[in-house]
Amino acid sequence: MHKYPHYIDGAVREPQGGDYYESFNPFTARPWALVAKGGADDVEVAVQAAHRAFRSPEWRNLTATARGHLLRKFGDLVAVNAEHLGHIETTDNGKLLAEMLGQVRYIPQWFHYFGGLADKLEGAVIPIDKPNMFTFTRPEPLGVVAAITPWNSPLLLAVWKIAPALAAGNTIVWKPSEFASVSALEFVKLFEQAGFPPGVVNVVTGDGADVGEPLVTHPLVAKVAFTGGERGGQRVYELAARGLKPVTLELGGKSPNIVFDDANIDNAVKGVISGIFAASGQTCIAGSRLLVQKSIHDEFVKKVVDFAATARIGNPIELDTQVGPVTTEPQYRKVLSFIEGAKEEGATCRLGGVASSRPECGDGWFVEPTIFSDVRPDMQIARQEVFGPVLAVLPFEDDEEAVAIANDTPYGLASGVWTENMGRALTMSQRLEAGTVWVNTYRAVSFMAPFGGYKRSGLGRENGMGMIHEYLQTKAVWIDMGNEVPNPFVLR
Ligand code: NAD
């Protein structure tokens with residue numbers, strides 16, 4: 001098996017403890033690569049390298065235009081390597097090659113967009129209220145940014161942090177998920193090829209406790225950008241608070257996909273399927289609660305069940321596969337236990353509800369696409385993030401009840417509304433407590449559109465121009481143009 005060391009200061013670097021762990025292919029349930037098992041010592045070396053790079057003239061004195069050019073060049077290199085990176089992602093996390101290739105091919109846009117923004121970060125001259133004084137502001141980078149990312153979209157979700165952080169002039173230590181690190185270790189090498197100075201982007205692999213926590217608490221880390229589950233996010237927030245560090249958190253969800261009786265039904269069926277069974281439900285924005293208006297409930301649920309029953313399950317590396325395995329063994333067990341829980345609570349299992357034993361699934365960690373109806377809002381299956389191919393269907397009477405059920409959750413990441421009535425769509429978009437509302441579509445993201453959670457789904461935003469300020473701080477500069485220094489004992 002190929003060994004993947006850390007990547008620090010522009011070169012591969014053996015873990016100081018000398019240990020490697022096995023990374024598994026979820027389709028075969030067998031190890032396929034060995035990844036460096038990092039610890040606090042490795043974090044120390046990486047943060048020092050990133051800090052040196054941040055202070056180095058090669059990075060600091062680069063004009064913003066030149067920095068932007070490097071980002072765009074890097075984006076072009078990703079495009080050339082997309083096929084290779086996509087195959088690694090599918091082998092490591094078991095998500096469909098069609099999905100991973102689509103994600104990696106889209107990544108260059110982030111580097112082009114934020115590369116273009118690098119030299120448009122302007123300060124302002126303040127028309128200050130004191131005579132003969134010239135006061136202006138300058139946006140400045142924060143320093144070393146810690147990027148901590150999950151396994152479900154390993155590169156894309158890292159890029160949402162890396163592209164803007166670099167455009168703003170920061171340097172980075174990135175800890176990918178211990179379950180899917182290999183693409184990060186291949187991707188990071190392209191920074192050097194693009195001409196970035198060594199140490200600007202570093203990768204240390206390993207788990208949350210051994211690598212993530214020392215990284216968050218390192219005194220030279222100025223900001224933490226985290227995507228992952230609620231428990232990890234809370235821990236990171238607490239640790240970062242001790243160092244008074246700014247944090248962005250992209251966490252989980254229990255997103256409602258709401259279908260009204262005036263919807264285009266065929267489109268809504270496809271939207272519901274794409275919301276929950278694409279990526280085997282392993283997306284933070286999974287539309288895992290289907291809210292259907294009572295007047296079309298039975299007919300609509302039958303259509304969703306019939307459609308889902310035709311999904312081609314199997315090897316994610318084959319481009320016509322529609323549902324792949326669950327990424328990790330613990331996650332596979334967790335999904336099955338949620339299914340058992342839903343049955344015990346009295347939900348009706350309309351499809352699936354078991355691990356998949358089809359021959360085309362081999363030894364992989366597969367769960368059959370599962371649909372539960374007769375779900376009540378108080379059931380665990382309607383409240384907790386499953387992160388697997390499990391849909392909970394809840395009926396509603398009218399708009400008021402739809403809003404009440406949709407918002408009755410501690411989460412607020414995304415939501416979908418299916419209706420041909422634009423007045424209703426706009427009203428719903430206003431009333432739903434979620435960072436994203438999709439109308440007559442689902443699972444659309446862009447480098448241009450702010451993304452993030454309401455309530456317990458997160459803090460701060462990624463994507464879009466405004467979010468660059470998550471990686472900047474503002475300095476005010478005062479120049480006295482020749483006033484006589486007045487009484488030194490009072491505030492000027
Ligand atoms: P996770 O929280 O277990 O792990 C995410 C990352 O955090 C990993 O790199 C992990 O090693 C690290 N980590 C865990 N505990 C840590 C700690 N105490 N200190 C520092 N780092 C720590 O999440 P996961 O299982 O990899 O991913 C699934 C979760 O991520 C789901 O809840 C999903 O909704 C969420 N997610 C959110 C978004 C979003 O943009 N909002 C996107 C994708 C996934």
# chains A, B, ... in the order shown; residues from 1 in each chain; ligands from 1

call {"tool": "residues_near_ligand", "arguments": {"ligand": "ligand 1", "cutoff": "8 Å", "atoms": "only C-alpha atoms and all ligand atoms", "output": "PyMOL selection string"}}
result
chain A and resi 148-153+157+175-179+206-209+211-216+226-233+235-236+249-253+282-285+331+385+387+413+451-453+457-458

call {"tool": "closest_atom_pairs", "arguments": {"of": "range 170-284 of chain A", "to": "range 365-379 of chain A", "cutoff": "9 Å", "atoms": "only C-alpha atoms", "output": "Markdown table"}}
result
| residue | atom | partner | partner_atom | distance |
| --- | --- | --- | --- | --- |
| A:Ile276 | CA | A:Pro369 | CA | 8.9 |
| A:Phe277 | CA | A:Pro369 | CA | 6.7 |
| A:Ser280 | CA | A:Pro369 | CA | 7.7 |

call {"tool": "closest_residue", "arguments": {"among": "A:Leu71, A:Leu394, A:Ile162, A:Ala240", "to": "Phe300 in chain A", "atoms": "only C-alpha atoms"}}
result
A:Leu394

call {"tool": "residues_around", "arguments": {"residues": "Gln473 in chain A", "least_positions_apart": "2", "cutoff": "10 Å", "atoms": "only C-alpha atoms", "output": "number ranges by chain"}}
result
A: 138-142, 168, 469-471, 475

call {"tool": "write_last_selection", "arguments": {"atoms": "all heavy atoms", "output": "PDB file, in the first residue's frame"}}
result
ATOM      1  N   ARG A 138      -7.014  49.751   6.497  1.00  0.00           N
ATOM      2  CA  ARG A 138      -6.365  48.790   5.616  1.00  0.00           C
ATOM      3  C   ARG A 138      -6.822  47.389   6.040  1.00  0.00           C
ATOM      4  O   ARG A 138      -6.684  47.032   7.217  1.00  0.00           O
ATOM      5  CB  ARG A 138      -4.862  48.935   5.794  1.00  0.00           C
ATOM      6  CG  ARG A 138      -4.070  48.086   4.835  1.00  0.00           C
ATOM      7  CD  ARG A 138      -2.687  48.619   4.596  1.00  0.00           C
ATOM      8  NE  ARG A 138      -1.972  48.911   5.819  1.00  0.00           N
ATOM      9  CZ  ARG A 138      -0.894  49.695   5.873  1.00  0.00           C
ATOM     10  NH1 ARG A 138      -0.444  50.276   4.793  1.00  0.00           N
ATOM     11  NH2 ARG A 138      -0.277  49.891   7.011  1.00  0.00           N
ATOM     12  N   PRO A 139      -7.371  46.579   5.113  1.00  0.00           N
ATOM     13  CA  PRO A 139      -7.711  45.194   5.491  1.00  0.00           C
ATOM     14  C   PRO A 139      -6.424  44.374   5.507  1.00  0.00           C
ATOM     15  O   PRO A 139      -5.628  44.457   4.565  1.00  0.00           O
ATOM     16  CB  PRO A 139      -8.636  44.725   4.372  1.00  0.00           C
ATOM     17  CG  PRO A 139      -8.325  45.592   3.197  1.00  0.00           C
ATOM     18  CD  PRO A 139      -7.687  46.863   3.700  1.00  0.00           C
ATOM     19  N   GLU A 140      -6.236  43.604   6.555  1.00  0.00           N
ATOM     20  CA  GLU A 140      -5.008  42.807   6.664  1.00  0.00           C
ATOM     21  C   GLU A 140      -5.347  41.353   6.992  1.00  0.00           C
ATOM     22  O   GLU A 140      -6.355  41.078   7.643  1.00  0.00           O
ATOM     23  CB  GLU A 140      -4.108  43.391   7.769  1.00  0.00           C
ATOM     24  CG  GLU A 140      -3.607  44.778   7.413  1.00  0.00           C
ATOM     25  CD  GLU A 140      -2.485  45.269   8.307  1.00  0.00           C
ATOM     26  OE1 GLU A 140      -2.301  44.696   9.399  1.00  0.00           O
ATOM     27  OE2 GLU A 140      -1.812  46.235   7.909  1.00  0.00           O
ATOM     28  N   PRO A 141      -4.479  40.442   6.573  1.00  0.00           N
ATOM     29  CA  PRO A 141      -4.733  39.027   6.898  1.00  0.00           C
ATOM     30  C   PRO A 141      -4.580  38.780   8.390  1.00  0.00           C
ATOM     31  O   PRO A 141      -4.020  39.606   9.119  1.00  0.00           O
ATOM     32  CB  PRO A 141      -3.658  38.280   6.105  1.00  0.00           C
ATOM     33  CG  PRO A 141      -2.577  39.287   5.857  1.00  0.00           C
ATOM     34  CD  PRO A 141      -3.245  40.626   5.795  1.00  0.00           C
ATOM     35  N   LEU A 142      -5.076  37.620   8.845  1.00  0.00           N
ATOM     36  CA  LEU A 142      -5.053  37.305  10.275  1.00  0.00           C
ATOM     37  C   LEU A 142      -3.757  36.612  10.686  1.00  0.00           C
ATOM     38  O   LEU A 142      -3.256  36.802  11.794  1.00  0.00           O
ATOM     39  CB  LEU A 142      -6.216  36.364  10.611  1.00  0.00           C
ATOM     40  CG  LEU A 142      -7.611  36.911  10.297  1.00  0.00           C
ATOM     41  CD1 LEU A 142      -8.641  35.787  10.352  1.00  0.00           C
ATOM     42  CD2 LEU A 142      -7.977  38.001  11.285  1.00  0.00           C
ATOM     43  N   ALA A 168      -6.791  36.456   0.909  1.00  0.00           N
ATOM     44  CA  ALA A 168      -6.657  37.518   1.908  1.00  0.00           C
ATOM     45  C   ALA A 168      -5.219  37.625   2.433  1.00  0.00           C
ATOM     46  O   ALA A 168      -4.911  38.534   3.195  1.00  0.00           O
ATOM     47  CB  ALA A 168      -7.631  37.257   3.062  1.00  0.00           C
ATOM     48  N   HIS A 469     -14.176  38.635   4.491  1.00  0.00           N
ATOM     49  CA  HIS A 469     -13.908  39.345   5.752  1.00  0.00           C
ATOM     50  C   HIS A 469     -13.771  38.398   6.937  1.00  0.00           C
ATOM     51  O   HIS A 469     -13.286  38.794   7.985  1.00  0.00           O
ATOM     52  CB  HIS A 469     -14.967  40.431   5.984  1.00  0.00           C
ATOM     53  CG  HIS A 469     -14.845  41.504   4.950  1.00  0.00           C
ATOM     54  ND1 HIS A 469     -13.857  42.460   4.996  1.00  0.00           N
ATOM     55  CD2 HIS A 469     -15.521  41.706   3.802  1.00  0.00           C
ATOM     56  CE1 HIS A 469     -13.936  43.224   3.916  1.00  0.00           C
ATOM     57  NE2 HIS A 469     -14.948  42.788   3.181  1.00  0.00           N
ATOM     58  N   GLU A 470     -14.178  37.134   6.755  1.00  0.00           N
ATOM     59  CA  GLU A 470     -13.939  36.133   7.808  1.00  0.00           C
ATOM     60  C   GLU A 470     -12.428  35.873   7.942  1.00  0.00           C
ATOM     61  O   GLU A 470     -11.981  35.263   8.900  1.00  0.00           O
ATOM     62  CB  GLU A 470     -14.638  34.809   7.474  1.00  0.00           C
ATOM     63  CG  GLU A 470     -16.128  34.908   7.190  1.00  0.00           C
ATOM     64  CD  GLU A 470     -16.985  34.760   8.442  1.00  0.00           C
ATOM     65  OE1 GLU A 470     -16.436  34.726   9.561  1.00  0.00           O
ATOM     66  OE2 GLU A 470     -18.225  34.704   8.281  1.00  0.00           O
ATOM     67  N   TYR A 471     -11.650  36.264   6.921  1.00  0.00           N
ATOM     68  CA  TYR A 471     -10.202  36.000   6.927  1.00  0.00           C
ATOM     69  C   TYR A 471      -9.376  37.280   6.956  1.00  0.00           C
ATOM     70  O   TYR A 471      -8.200  37.267   6.635  1.00  0.00           O
ATOM     71  CB  TYR A 471      -9.825  35.160   5.691  1.00  0.00           C
ATOM     72  CG  TYR A 471     -10.418  33.775   5.771  1.00  0.00           C
ATOM     73  CD1 TYR A 471     -11.587  33.459   5.094  1.00  0.00           C
ATOM     74  CD2 TYR A 471      -9.841  32.799   6.582  1.00  0.00           C
ATOM     75  CE1 TYR A 471     -12.155  32.197   5.206  1.00  0.00           C
ATOM     76  CE2 TYR A 471     -10.406  31.536   6.695  1.00  0.00           C
ATOM     77  CZ  TYR A 471     -11.553  31.248   6.003  1.00  0.00           C
ATOM     78  OH  TYR A 471     -12.119  30.003   6.127  1.00  0.00           O
ATOM     79  N   LYS A 475      -7.307  47.427  10.040  1.00  0.00           N
ATOM     80  CA  LYS A 475      -6.408  48.309  10.786  1.00  0.00           C
ATOM     81  C   LYS A 475      -6.781  49.760  10.458  1.00  0.00           C
ATOM     82  O   LYS A 475      -6.995  50.101   9.291  1.00  0.00           O
ATOM     83  CB  LYS A 475      -4.969  48.042  10.361  1.00  0.00           C
ATOM     84  CG  LYS A 475      -3.952  48.900  11.070  1.00  0.00           C
ATOM     85  CD  LYS A 475      -2.549  48.487  10.671  1.00  0.00           C
ATOM     86  CE  LYS A 475      -2.092  47.272  11.448  1.00  0.00           C
ATOM     87  NZ  LYS A 475      -0.825  46.727  10.959  1.00  0.00           N
TER      88      LYS A 475
END

call {"tool": "closest_residue", "arguments": {"among": "A:Thr137, A:Thr217, A:Asn257, A:Asn315", "to": "Thr436 in chain A", "atoms": "only C-alpha atoms"}}
result
A:Asn257

call {"tool": "select_by_dssp", "arguments": {"residues": "range 122-366 of chain A", "states": "helix (DSSP H, G or I)", "output": "JSON, numbers by chain"}}
result
{"A": [154, 155, 156, 157, 158, 159, 160, 161, 162, 163, 164, 165, 166, 167, 182, 183, 184, 185, 186, 187, 189, 190, 191, 192, 193, 194, 208, 209, 210, 211, 212, 213, 214, 215, 216, 217, 230, 231, 232, 233, 234, 235, 236, 237, 238, 239, 240, 241, 242, 265, 266, 267, 268, 269, 270, 271, 272, 273, 274, 275, 276, 278, 279, 280, 281, 294, 295, 296, 297, 298, 299, 300, 301, 302, 303, 304, 305, 306, 307, 308, 309, 329, 330, 331, 332, 333, 334, 335, 336, 337, 338, 339, 340, 341, 342, 343, 344, 345, 359, 360, 361]}

call {"tool": "atom_distance", "arguments": {"atom1": "CA of Ala268 in chain A", "atom2": "CA of Trp418 in chain A"}}
result
6.1 Å
